[in-house]
There are 2 protein chains.
Amino acid sequence: MASIKDVAAEAGVSVATVSRVLNSHPSVSADARARVLAAVESLGYRPNAVARSLRTDQTRTLGLVISDVLNPYFTELARSVEEAARALGYSVIIGNADERPDLQDHHVRTLLDRRIDGLLVSPTDGGSPLMLEAARAGTPMVFVDRWIAGVDVPVVRADGQQAVRDLVSHLHRLGHRRLAIIAGPAATTTGSERVEAFREALREHGLPLPDELIGQGDFQAASGRRVTEAFLALPEPPDVVFAADNLMALGALDAIRARGLRVPQDIGLAAFDDIPWFVHTDPPITAIAQPTGELGRAAVRALVDRIEGRPPESVTLPARLVVRRSCGENFPENSSENSSENSPA
Amino acid sequence: MASIKDVAAEAGVSVATVSRVLNSHPSVSADARARVLAAVESLGYRPNAVARSLRTDQTRTLGLVISDVLNPYFTELARSVEEAARALGYSVIIGNADERPDLQDHHVRTLLDRRIDGLLVSPTDGGSPLMLEAARAGTPMVFVDRWIAGVDVPVVRADGQQAVRDLVSHLHRLGHRRLAIIAGPAATTTGSERVEAFREALREHGLPLPDELIGQGDFQAASGRRVTEAFLALPEPPDVVFAADNLMALGALDAIRARGLRVPQDIGLAAFDDIPWFVHTDPPITAIAQPTGELGRAAVRALVDRIEGRPPESVTLPARLVVRRSCGENFPENSSENSSENSPA
DNA sequence: ATCCTCTGTGTAATCGATTCCACGAGGAGG
DNA sequence: CCTCCTCGTGGAATCGATTACACAGAGGAT
């Protein structure tokens with residue numbers, strides 16, 4: 001592969017001049033510029049990003065470590081992050097942690113070794129020493145979706161508190177009283193926050209949240225299935241199950257169906273995180289939708305601000321309830337449901 | 001960030017010795033090794049992958065350019081590719097082309113600039129000059145899922161011909177005669193092959209495939225919706241619609257539902273590419289499942305073989321039909337459907 | 001005692017870019 | 001005509017690693 005030296009030789013100039021042309025430095029004669037450009041063209045020369053990075057100490061690359069690529073929510077987040085980064089001239093390297101702290105550490109380490117300019121993380125756990133150390137050492141970093149307390153890192157996330165309150169009101173109005181939740185790992189903020197918001201909303205309606213109606217999941221479908229089976233085996237099963245993410249909702253649906261029960265007649269189901277498929281499940285699933293695209297864009301903006309020396313800003317955006325039929329029917333103001341869908345691309 | 005020089009100074013040896021220790025070269029004394037390791041530990045030193053890559057001319061990184069991350073099929077493919085690559089000591093950088101040739105080119109160019117060791121591509125179109133040139137120039141490359149004819153690059157893909165034949169038999173047995181297909185872009189192999197397999201299978205049953213029952217889609221949900229609307233507006237609409245990928249099936253479902261029709265009573269629906277959600281749609285969707293994980297692993301194996309100087313192998317694996325209820329009921333041998341599911345993680 | 005072979009180590013070149021510094025030519029101002 | 005800038009350019013240092021080569025000293029063979 002042709003290097004800058006080859007171009008210089010071909011154009012009859014020094015490598016310095018070639019470099020100046022390529023970086024549009026002002027002081028290059030029109031003649032030299034033309035010759036260099038011609039040489040670049042004829043050799044099919046492309047600058048070696050590795051060499052450039054070594055010298056300039058910047059890679060124009062962002063790392064994104066997400067908890068689970070198979071979760072459509074994170075896929076969409078990743079897509080919007082890449083798009084926003086590309087618009088600003090950055091590439092993105094995605095690391096998939098599969099909800100495993102060891103894998104998360106692996107990716108963080110690899111990304112750091114590659115000297116990425118900044119790191120976007122949705123932490124799988126309470127924070128590994130590695131990540132905390134990186135933050136303290138000054139690696140530009142932004143938490144997205146989930147975060148870790150006590151670390152001075154901007155956070156970009158959705159606030160589901162009001163939406164959860166709306167959900168509980170909705171359920172209450174439909175006559176449901178025994179409400180259960182499939183929680184995410186307590187070590188994650190989204191895992192514990194959603195339970196807290198749910199508990200708080202129940203309290204406002206004078207409803208209890210007994211321990212047997214809090215199932216411990218891990219944001220994966222299998223755990224949703226397991227927890228739901230336990231709920232259904234209770235002497236007094238819940239009226240509605242609220243899954244803290246869409247994969248656990250899928251598992252819950254599996255379990256309910258395996259038991260031969262119908263949604264919503266026998267038991268209701270709701271989920272955090274909305275996805276296009278929820279419109280077509282049997283029945284369509286009531287869910288809390290996050291402004292995923294906007295989160296990704298805001299996260300990139302914050303990280304790039306931090307990288308380029310501007311003060312980064314934490315951002316919190318509201319999530320919103322999308323009512324469908326999985327918790328019961330007869331919702332007059334719900335007839336226009338289709339128009340409020342976030343239409344799939 | 002500490003460099004190899006700092007480690008050398010701290011350990012009281014030369015950088016050469018540090019490098020030898022780090023690369024487990026044999027000729028280093030136990031004493032020196034211990035001092036270096038101690039220095040590495042105390043400084044928290046991590047080798048700079050950028051510098052190492054420049055010198056060794058290898059990045060231990062694979063590029064993966066896929067057509068659409070939002071498509072669960074590609075997400076799963078990406079996941080298995082990353083997993084297989086990691087097991088072999090490689091990282092993966094994913095580029096999402098969103099079915100846009102210009103974006104695909106952008107990613108290929110960026111990956112090449114970063115001097116990745118090899119490239120895995122699922123081409124969005126018939127092949128840009130850039131990609132063909134890269135292949136000719138000797139960049140290790142493997143096509144996965146889709147490919148481009150006339151280029152000497154190994155191909156790892158699934159063969160759906162028999163599965164499509166099984167699907168058509170199934171439909172025929174259920175009494176369906178007017179069968180329509182939502183095709184993918186003709187420029188992609190999967191776009192044209194699936195139509196050909198479908199046409200061929202119909203011919204075996206003495207059924208025609210008139211032009212009005214071939215809709216031109218682009219593998220995105222919106223096109224599935226549009227094409228299906230056109231089908232439904234025909235004087236004689238089809239009995240069944242077969243979508244060439246899962247996103248177009250989603251769009252088809254949207255269109256059918258918007259028209260107030262029921263699946264499968266009013267019209268049947270089947271899809272290429274199976275995903276966990278198809279079990280829970282209303283009704284569960286009959287689909288052709290690809291051995292996605294195995295494809296990803298085989299692709300990485302082929303690419304790494306090529307990179308490391310072994311002869312790479314093209315691989316073709318069979319896809320298989322998974323019958324559910326979206327094309328009609330009364331299938332006695334179909335009662336054990338649940339056991340044949342590929343269970344979601 | 002001499003010579004040879006190993007072993008362990010350091011010096012320096014190298015990868016492909018960027019960029020500081022110096023220098024020559026040419027124009028402006030005195 | 002001399003001085004001083006400005007402009008365009010090239011030489012060389014540099015980033016952080018790897019590795020060829022040289023060499024010192026230990027130990028074995030003769």
# chains A, B, ... in the order shown; residues from 1 in each chain; ligands from 1

call {"tool": "interface_residues", "arguments": {"of": "chain A", "to": "chain B", "cutoff": "6 Å", "atoms": "only C-alpha atoms", "output": "list in words"}}
result
Asn48, Ala49, Val50, Ile93, Asp113, Arg114, His280, Thr281 and Asp282 of chain A

call {"tool": "write_last_selection", "arguments": {"atoms": "all heavy atoms", "output": "PDB file, in the first residue's frame"}}
result
ATOM      1  N   ASN A  48      -2.528   6.521   6.212  1.00  0.00           N
ATOM      2  CA  ASN A  48      -2.596   5.457   7.192  1.00  0.00           C
ATOM      3  C   ASN A  48      -3.075   6.033   8.520  1.00  0.00           C
ATOM      4  O   ASN A  48      -2.365   6.782   9.185  1.00  0.00           O
ATOM      5  CB  ASN A  48      -1.195   4.851   7.338  1.00  0.00           C
ATOM      6  CG  ASN A  48      -1.193   3.674   8.281  1.00  0.00           C
ATOM      7  OD1 ASN A  48      -1.956   3.641   9.236  1.00  0.00           O
ATOM      8  ND2 ASN A  48      -0.335   2.724   8.007  1.00  0.00           N
ATOM      9  N   ALA A  49      -4.301   5.660   8.883  1.00  0.00           N
ATOM     10  CA  ALA A  49      -4.897   6.223  10.102  1.00  0.00           C
ATOM     11  C   ALA A  49      -4.121   5.821  11.344  1.00  0.00           C
ATOM     12  O   ALA A  49      -4.077   6.552  12.339  1.00  0.00           O
ATOM     13  CB  ALA A  49      -6.348   5.778  10.225  1.00  0.00           C
ATOM     14  N   VAL A  50      -3.492   4.670  11.293  1.00  0.00           N
ATOM     15  CA  VAL A  50      -2.733   4.200  12.454  1.00  0.00           C
ATOM     16  C   VAL A  50      -1.557   5.135  12.712  1.00  0.00           C
ATOM     17  O   VAL A  50      -1.344   5.599  13.833  1.00  0.00           O
ATOM     18  CB  VAL A  50      -2.228   2.757  12.217  1.00  0.00           C
ATOM     19  CG1 VAL A  50      -1.312   2.338  13.354  1.00  0.00           C
ATOM     20  CG2 VAL A  50      -3.398   1.803  12.093  1.00  0.00           C
ATOM     21  N   ILE A  93     -16.613   2.331  17.800  1.00  0.00           N
ATOM     22  CA  ILE A  93     -16.370   0.899  17.954  1.00  0.00           C
ATOM     23  C   ILE A  93     -17.284   0.405  19.061  1.00  0.00           C
ATOM     24  O   ILE A  93     -17.258   0.933  20.178  1.00  0.00           O
ATOM     25  CB  ILE A  93     -14.910   0.592  18.332  1.00  0.00           C
ATOM     26  CG1 ILE A  93     -13.973   1.171  17.277  1.00  0.00           C
ATOM     27  CG2 ILE A  93     -14.697  -0.909  18.442  1.00  0.00           C
ATOM     28  CD1 ILE A  93     -12.520   0.815  17.499  1.00  0.00           C
ATOM     29  N   ASP A 113      -6.807   0.438  25.120  1.00  0.00           N
ATOM     30  CA  ASP A 113      -5.538   0.094  24.467  1.00  0.00           C
ATOM     31  C   ASP A 113      -5.459   0.709  23.073  1.00  0.00           C
ATOM     32  O   ASP A 113      -4.392   1.070  22.604  1.00  0.00           O
ATOM     33  CB  ASP A 113      -5.390  -1.426  24.337  1.00  0.00           C
ATOM     34  CG  ASP A 113      -5.045  -2.075  25.673  1.00  0.00           C
ATOM     35  OD1 ASP A 113      -4.842  -1.333  26.652  1.00  0.00           O
ATOM     36  OD2 ASP A 113      -4.999  -3.309  25.734  1.00  0.00           O
ATOM     37  N   ARG A 114      -6.613   0.810  22.425  1.00  0.00           N
ATOM     38  CA  ARG A 114      -6.624   1.395  21.091  1.00  0.00           C
ATOM     39  C   ARG A 114      -6.641   2.906  21.128  1.00  0.00           C
ATOM     40  O   ARG A 114      -6.772   3.547  20.098  1.00  0.00           O
ATOM     41  CB  ARG A 114      -7.882   0.963  20.350  1.00  0.00           C
ATOM     42  CG  ARG A 114      -7.802  -0.420  19.925  1.00  0.00           C
ATOM     43  CD  ARG A 114      -9.175  -0.906  19.580  1.00  0.00           C
ATOM     44  NE  ARG A 114      -8.986  -2.263  19.184  1.00  0.00           N
ATOM     45  CZ  ARG A 114      -8.723  -2.617  17.942  1.00  0.00           C
ATOM     46  NH1 ARG A 114      -8.769  -1.738  16.994  1.00  0.00           N
ATOM     47  NH2 ARG A 114      -8.466  -3.849  17.667  1.00  0.00           N
ATOM     48  N   HIS A 280     -47.401  -5.863  17.175  1.00  0.00           N
ATOM     49  CA  HIS A 280     -47.941  -7.052  16.522  1.00  0.00           C
ATOM     50  C   HIS A 280     -47.919  -8.308  17.363  1.00  0.00           C
ATOM     51  O   HIS A 280     -48.221  -9.388  16.872  1.00  0.00           O
ATOM     52  CB  HIS A 280     -47.182  -7.298  15.221  1.00  0.00           C
ATOM     53  CG  HIS A 280     -47.409  -6.220  14.232  1.00  0.00           C
ATOM     54  ND1 HIS A 280     -48.637  -5.976  13.675  1.00  0.00           N
ATOM     55  CD2 HIS A 280     -46.578  -5.265  13.742  1.00  0.00           C
ATOM     56  CE1 HIS A 280     -48.546  -4.944  12.865  1.00  0.00           C
ATOM     57  NE2 HIS A 280     -47.313  -4.486  12.893  1.00  0.00           N
ATOM     58  N   THR A 281     -47.542  -8.196  18.607  1.00  0.00           N
ATOM     59  CA  THR A 281     -47.595  -9.376  19.459  1.00  0.00           C
ATOM     60  C   THR A 281     -49.055  -9.644  19.768  1.00  0.00           C
ATOM     61  O   THR A 281     -49.932  -8.823  19.497  1.00  0.00           O
ATOM     62  CB  THR A 281     -46.839  -9.136  20.777  1.00  0.00           C
ATOM     63  OG1 THR A 281     -47.230  -7.876  21.302  1.00  0.00           O
ATOM     64  CG2 THR A 281     -45.346  -9.149  20.576  1.00  0.00           C
ATOM     65  N   ASP A 282     -49.288 -10.806  20.328  1.00  0.00           N
ATOM     66  CA  ASP A 282     -50.649 -11.195  20.676  1.00  0.00           C
ATOM     67  C   ASP A 282     -50.779 -11.189  22.178  1.00  0.00           C
ATOM     68  O   ASP A 282     -50.288 -12.095  22.835  1.00  0.00           O
ATOM     69  CB  ASP A 282     -50.917 -12.594  20.125  1.00  0.00           C
ATOM     70  CG  ASP A 282     -52.281 -13.097  20.562  1.00  0.00           C
ATOM     71  OD1 ASP A 282     -53.149 -12.261  20.867  1.00  0.00           O
ATOM     72  OD2 ASP A 282     -52.458 -14.326  20.592  1.00  0.00           O
TER      73      ASP A 282
END

call {"tool": "residues_around", "arguments": {"residues": "DG26 in chain C", "least_positions_apart": "6", "cutoff": "12 Å", "atoms": "only C-alpha atoms (C1' of nucleotides)", "output": "JSON, numbers by chain"}}
result
{"D": [5, 6, 7, 8]}

call {"tool": "closest_residue", "arguments": {"among": "B:Ala85, B:Val7, B:Ala289, B:Leu43", "to": "Ala158 in chain B", "atoms": "only C-alpha atoms"}}
result
B:Ala289

call {"tool": "interface_residues", "arguments": {"of": "chain C", "to": "chain B", "cutoff": "12 Å", "atoms": "only C-alpha atoms (C1' of nucleotides)", "output": "list in words"}}
result
DC6, DT7, DG8, DT9, DG10, DT11, DA12, DA13, DT14, DC15, DG16 and DA17 of chain C

call {"tool": "select_by_dssp", "arguments": {"residues": "range 174-234 of chain A", "states": "alpha helix (DSSP H)", "output": "PyMOL selection string"}}
result
chain A and resi 189-204+221-232

call {"tool": "interface_residues", "arguments": {"of": "chain D", "to": "chain B", "cutoff": "10 Å", "atoms": "only C-alpha atoms (C1' of nucleotides)", "output": "list in words"}}
result
DC15, DG16, DA17, DT18 and DT19 of chain D

call {"tool": "select_by_dssp", "arguments": {"residues": "range 156-235 of chain B", "states": "strand (DSSP E or B)", "output": "number ranges by chain"}}
result
B: 156-159, 179-183, 214-216

call {"tool": "atom_distance", "arguments": {"atom1": "CA of Arg297 in chain A", "atom2": "CA of Gly89 in chain A"}}
result
13.7 Å

call {"tool": "residues_around", "arguments": {"residues": "Ser122 in chain B", "least_positions_apart": "6", "cutoff": "9 Å", "atoms": "only C-alpha atoms (C1' of nucleotides)", "output": "compact mmCIF listing (two decimals) with all heavy atoms, in the first residue's frame"}}
result
# COMPACT_ATOMS: atom_id res chain seq x y z
N LEU B 64 -16.47 -5.59 9.97
CA LEU B 64 -17.69 -6.27 9.56
C LEU B 64 -18.66 -5.21 9.05
O LEU B 64 -19.05 -4.33 9.81
CB LEU B 64 -18.31 -7.02 10.74
CG LEU B 64 -19.73 -7.56 10.53
CD1 LEU B 64 -19.76 -8.65 9.46
CD2 LEU B 64 -20.30 -8.12 11.84
N VAL B 65 -18.98 -5.27 7.77
CA VAL B 65 -19.91 -4.29 7.22
C VAL B 65 -21.22 -5.00 6.93
O VAL B 65 -21.29 -5.88 6.07
CB VAL B 65 -19.36 -3.66 5.93
CG1 VAL B 65 -20.36 -2.67 5.36
CG2 VAL B 65 -18.05 -2.95 6.23
N ILE B 66 -22.24 -4.65 7.69
CA ILE B 66 -23.53 -5.29 7.49
C ILE B 66 -24.53 -4.31 6.94
O ILE B 66 -24.35 -3.10 7.00
CB ILE B 66 -24.07 -5.92 8.78
CG1 ILE B 66 -24.12 -4.88 9.88
CG2 ILE B 66 -23.22 -7.10 9.19
CD1 ILE B 66 -24.65 -5.43 11.19
N SER B 67 -25.61 -4.88 6.40
CA SER B 67 -26.54 -4.06 5.65
C SER B 67 -27.48 -3.27 6.55
O SER B 67 -27.97 -2.23 6.17
CB SER B 67 -27.38 -4.95 4.74
OG SER B 67 -26.62 -6.03 4.29
N VAL B 142 -14.07 -11.75 3.07
CA VAL B 142 -15.01 -12.87 2.98
C VAL B 142 -16.42 -12.28 2.91
O VAL B 142 -16.73 -11.34 3.64
CB VAL B 142 -14.91 -13.80 4.22
CG1 VAL B 142 -16.09 -14.75 4.29
CG2 VAL B 142 -13.61 -14.60 4.18
N PHE B 143 -17.23 -12.81 2.00
CA PHE B 143 -18.62 -12.37 1.94
C PHE B 143 -19.45 -13.25 2.86
O PHE B 143 -19.23 -14.46 2.92
CB PHE B 143 -19.18 -12.48 0.52
CG PHE B 143 -18.61 -11.48 -0.44
CD1 PHE B 143 -18.20 -11.85 -1.71
CD2 PHE B 143 -18.49 -10.14 -0.08
CE1 PHE B 143 -17.67 -10.93 -2.60
CE2 PHE B 143 -17.97 -9.20 -0.96
CZ PHE B 143 -17.56 -9.60 -2.22
N VAL B 144 -20.39 -12.61 3.55
CA VAL B 144 -21.25 -13.39 4.42
C VAL B 144 -22.70 -13.02 4.15
O VAL B 144 -23.00 -11.85 3.95
CB VAL B 144 -20.85 -13.18 5.90
CG1 VAL B 144 -20.89 -11.71 6.28
CG2 VAL B 144 -21.72 -13.99 6.83
N ASP B 145 -23.55 -14.03 4.06
CA ASP B 145 -24.97 -13.86 3.76
C ASP B 145 -25.17 -13.50 2.29
O ASP B 145 -25.67 -14.29 1.52
CB ASP B 145 -25.61 -12.81 4.67
CG ASP B 145 -27.12 -12.72 4.44
OD1 ASP B 145 -27.80 -13.74 4.58
OD2 ASP B 145 -27.62 -11.62 4.09
N ARG B 146 -24.79 -12.30 1.91
CA ARG B 146 -24.90 -11.90 0.51
C ARG B 146 -23.51 -11.92 -0.11
O ARG B 146 -22.51 -11.84 0.58
CB ARG B 146 -25.44 -10.47 0.43
CG ARG B 146 -26.68 -10.25 1.27
CD ARG B 146 -27.11 -8.80 1.15
NE ARG B 146 -28.23 -8.50 2.02
CZ ARG B 146 -28.73 -7.28 2.16
NH1 ARG B 146 -28.20 -6.26 1.49
NH2 ARG B 146 -29.76 -7.06 2.95
N TRP B 147 -23.45 -11.98 -1.45
CA TRP B 147 -22.13 -11.92 -2.06
C TRP B 147 -22.20 -11.26 -3.41
O TRP B 147 -23.25 -10.85 -3.88
CB TRP B 147 -21.52 -13.31 -2.14
CG TRP B 147 -21.92 -14.12 -3.31
CD1 TRP B 147 -21.22 -14.26 -4.47
CD2 TRP B 147 -23.08 -14.93 -3.44
NE1 TRP B 147 -21.88 -15.11 -5.31
CE2 TRP B 147 -23.02 -15.53 -4.72
CE3 TRP B 147 -24.16 -15.21 -2.61
CZ2 TRP B 147 -24.02 -16.38 -5.19
CZ3 TRP B 147 -25.15 -16.06 -3.08
CH2 TRP B 147 -25.07 -16.63 -4.34

call {"tool": "residues_around", "arguments": {"residues": "Gln162 in chain A", "least_positions_apart": "4", "cutoff": "12 Å", "atoms": "only C-alpha atoms (C1' of nucleotides)", "output": "CSV table (one decimal) with N, CA and C atoms, in the first residue's frame"}}
result
chain,number,residue,atom,x,y,z
A,158,ALA,N,-32.9,8.4,30.3
A,158,ALA,CA,-34.3,8.7,30.3
A,158,ALA,C,-34.9,8.6,31.7
A,166,ASP,N,-47.9,6.9,35.3
A,166,ASP,CA,-49.0,6.8,34.3
A,166,ASP,C,-49.4,5.4,34.1
A,167,LEU,N,-48.4,4.5,34.0
A,167,LEU,CA,-48.7,3.1,33.8
A,167,LEU,C,-49.6,2.5,35.0
A,168,VAL,N,-49.1,2.8,36.2
A,168,VAL,CA,-49.8,2.3,37.4
A,168,VAL,C,-51.2,2.9,37.4
A,169,SER,N,-51.4,4.2,37.1
A,169,SER,CA,-52.7,4.8,37.1
A,169,SER,C,-53.6,4.0,36.1
A,194,ARG,N,-36.2,1.4,38.3
A,194,ARG,CA,-37.5,1.1,37.8
A,194,ARG,C,-38.4,0.4,38.9
A,197,ALA,N,-39.4,3.3,41.2
A,197,ALA,CA,-40.5,4.2,40.6
A,197,ALA,C,-41.8,3.4,40.7
A,198,PHE,N,-41.8,2.1,40.5
A,198,PHE,CA,-43.0,1.3,40.5
A,198,PHE,C,-43.5,1.3,41.9
A,200,GLU,N,-43.1,3.3,44.3
A,200,GLU,CA,-43.5,4.7,44.7
A,200,GLU,C,-44.9,5.0,44.1
A,201,ALA,N,-45.1,4.6,42.8
A,201,ALA,CA,-46.4,4.8,42.1
A,201,ALA,C,-47.5,4.0,42.8
A,288,ILE,N,-43.5,1.3,28.0
A,288,ILE,CA,-42.9,2.6,28.2
A,288,ILE,C,-41.8,2.9,27.2
A,289,ALA,N,-42.0,3.9,26.4
A,289,ALA,CA,-41.1,4.1,25.3
A,289,ALA,C,-40.0,5.2,25.7
A,317,LEU,N,-34.1,12.9,29.8
A,317,LEU,CA,-35.3,13.1,28.9
A,317,LEU,C,-36.4,12.2,29.5
A,318,PRO,N,-37.6,12.6,29.3
A,318,PRO,CA,-38.7,11.8,29.8
A,318,PRO,C,-39.1,10.6,28.9
A,319,ALA,N,-39.4,9.5,29.6
A,319,ALA,CA,-40.0,8.4,28.8
A,319,ALA,C,-41.5,8.6,28.8
A,320,ARG,N,-42.2,7.9,27.9
A,320,ARG,CA,-43.7,8.0,27.9
A,320,ARG,C,-44.4,6.7,27.8
A,321,LEU,N,-45.6,6.7,28.3
A,321,LEU,CA,-46.4,5.4,28.3
A,321,LEU,C,-47.1,5.3,26.9

call {"tool": "atom_distance", "arguments": {"atom1": "CA of Val156 in chain A", "atom2": "CA of Gly63 in chain A"}}
result
15.5 Å

call {"tool": "atom_distance", "arguments": {"atom1": "CA of Phe219 in chain B", "atom2": "CA of Leu88 in chain A"}}
result
28.1 Å

call {"tool": "decode", "arguments": {"residues": "range 166-182 of chain B", "atoms": "N, CA, C and O atoms", "output": "PDB file, in the first residue's frame"}}
result
ATOM      1  N   ASP B 166     -39.974 -26.390   0.747  1.00  0.00           N
ATOM      2  CA  ASP B 166     -40.799 -26.920   1.843  1.00  0.00           C
ATOM      3  C   ASP B 166     -41.948 -25.964   2.155  1.00  0.00           C
ATOM      4  O   ASP B 166     -43.078 -26.382   2.387  1.00  0.00           O
ATOM      5  N   LEU B 167     -41.627 -24.673   2.137  1.00  0.00           N
ATOM      6  CA  LEU B 167     -42.651 -23.676   2.433  1.00  0.00           C
ATOM      7  C   LEU B 167     -43.778 -23.747   1.405  1.00  0.00           C
ATOM      8  O   LEU B 167     -44.963 -23.767   1.760  1.00  0.00           O
ATOM      9  N   VAL B 168     -43.391 -23.787   0.141  1.00  0.00           N
ATOM     10  CA  VAL B 168     -44.406 -23.790  -0.917  1.00  0.00           C
ATOM     11  C   VAL B 168     -45.259 -25.071  -0.836  1.00  0.00           C
ATOM     12  O   VAL B 168     -46.481 -25.022  -0.988  1.00  0.00           O
ATOM     13  N   SER B 169     -44.628 -26.195  -0.543  1.00  0.00           N
ATOM     14  CA  SER B 169     -45.398 -27.437  -0.371  1.00  0.00           C
ATOM     15  C   SER B 169     -46.414 -27.262   0.739  1.00  0.00           C
ATOM     16  O   SER B 169     -47.580 -27.642   0.617  1.00  0.00           O
ATOM     17  N   HIS B 170     -45.928 -26.707   1.831  1.00  0.00           N
ATOM     18  CA  HIS B 170     -46.787 -26.455   2.986  1.00  0.00           C
ATOM     19  C   HIS B 170     -47.985 -25.589   2.590  1.00  0.00           C
ATOM     20  O   HIS B 170     -49.138 -25.915   2.899  1.00  0.00           O
ATOM     21  N   LEU B 171     -47.714 -24.528   1.865  1.00  0.00           N
ATOM     22  CA  LEU B 171     -48.788 -23.614   1.448  1.00  0.00           C
ATOM     23  C   LEU B 171     -49.751 -24.315   0.496  1.00  0.00           C
ATOM     24  O   LEU B 171     -50.969 -24.183   0.604  1.00  0.00           O
ATOM     25  N   HIS B 172     -49.178 -25.080  -0.394  1.00  0.00           N
ATOM     26  CA  HIS B 172     -49.991 -25.784  -1.391  1.00  0.00           C
ATOM     27  C   HIS B 172     -50.932 -26.774  -0.689  1.00  0.00           C
ATOM     28  O   HIS B 172     -52.112 -26.882  -1.015  1.00  0.00           O
ATOM     29  N   ARG B 173     -50.375 -27.483   0.280  1.00  0.00           N
ATOM     30  CA  ARG B 173     -51.154 -28.465   1.013  1.00  0.00           C
ATOM     31  C   ARG B 173     -52.323 -27.798   1.747  1.00  0.00           C
ATOM     32  O   ARG B 173     -53.374 -28.397   1.965  1.00  0.00           O
ATOM     33  N   LEU B 174     -52.093 -26.532   2.167  1.00  0.00           N
ATOM     34  CA  LEU B 174     -53.148 -25.811   2.884  1.00  0.00           C
ATOM     35  C   LEU B 174     -54.189 -25.227   1.913  1.00  0.00           C
ATOM     36  O   LEU B 174     -55.125 -24.565   2.331  1.00  0.00           O
ATOM     37  N   GLY B 175     -53.947 -25.464   0.633  1.00  0.00           N
ATOM     38  CA  GLY B 175     -54.930 -25.019  -0.342  1.00  0.00           C
ATOM     39  C   GLY B 175     -54.648 -23.658  -0.959  1.00  0.00           C
ATOM     40  O   GLY B 175     -55.429 -23.150  -1.755  1.00  0.00           O
ATOM     41  N   HIS B 176     -53.524 -23.059  -0.629  1.00  0.00           N
ATOM     42  CA  HIS B 176     -53.207 -21.741  -1.191  1.00  0.00           C
ATOM     43  C   HIS B 176     -52.651 -21.897  -2.602  1.00  0.00           C
ATOM     44  O   HIS B 176     -51.824 -22.762  -2.857  1.00  0.00           O
ATOM     45  N   ARG B 177     -53.129 -21.059  -3.504  1.00  0.00           N
ATOM     46  CA  ARG B 177     -52.680 -21.154  -4.896  1.00  0.00           C
ATOM     47  C   ARG B 177     -52.096 -19.834  -5.413  1.00  0.00           C
ATOM     48  O   ARG B 177     -51.187 -19.837  -6.224  1.00  0.00           O
ATOM     49  N   ARG B 178     -52.668 -18.748  -4.959  1.00  0.00           N
ATOM     50  CA  ARG B 178     -52.160 -17.438  -5.410  1.00  0.00           C
ATOM     51  C   ARG B 178     -51.131 -16.949  -4.403  1.00  0.00           C
ATOM     52  O   ARG B 178     -51.471 -16.375  -3.372  1.00  0.00           O
ATOM     53  N   LEU B 179     -49.870 -17.167  -4.715  1.00  0.00           N
ATOM     54  CA  LEU B 179     -48.812 -16.832  -3.764  1.00  0.00           C
ATOM     55  C   LEU B 179     -47.998 -15.635  -4.246  1.00  0.00           C
ATOM     56  O   LEU B 179     -47.577 -15.596  -5.404  1.00  0.00           O
ATOM     57  N   ALA B 180     -47.789 -14.682  -3.340  1.00  0.00           N
ATOM     58  CA  ALA B 180     -47.046 -13.472  -3.710  1.00  0.00           C
ATOM     59  C   ALA B 180     -45.758 -13.389  -2.907  1.00  0.00           C
ATOM     60  O   ALA B 180     -45.630 -13.986  -1.832  1.00  0.00           O
ATOM     61  N   ILE B 181     -44.812 -12.638  -3.436  1.00  0.00           N
ATOM     62  CA  ILE B 181     -43.546 -12.468  -2.717  1.00  0.00           C
ATOM     63  C   ILE B 181     -43.150 -10.999  -2.676  1.00  0.00           C
ATOM     64  O   ILE B 181     -43.334 -10.263  -3.648  1.00  0.00           O
ATOM     65  N   ILE B 182     -42.660 -10.590  -1.520  1.00  0.00           N
ATOM     66  CA  ILE B 182     -42.053  -9.262  -1.410  1.00  0.00           C
ATOM     67  C   ILE B 182     -40.561  -9.491  -1.514  1.00  0.00           C
ATOM     68  O   ILE B 182     -39.945 -10.061  -0.608  1.00  0.00           O
TER      69      ILE B 182
END
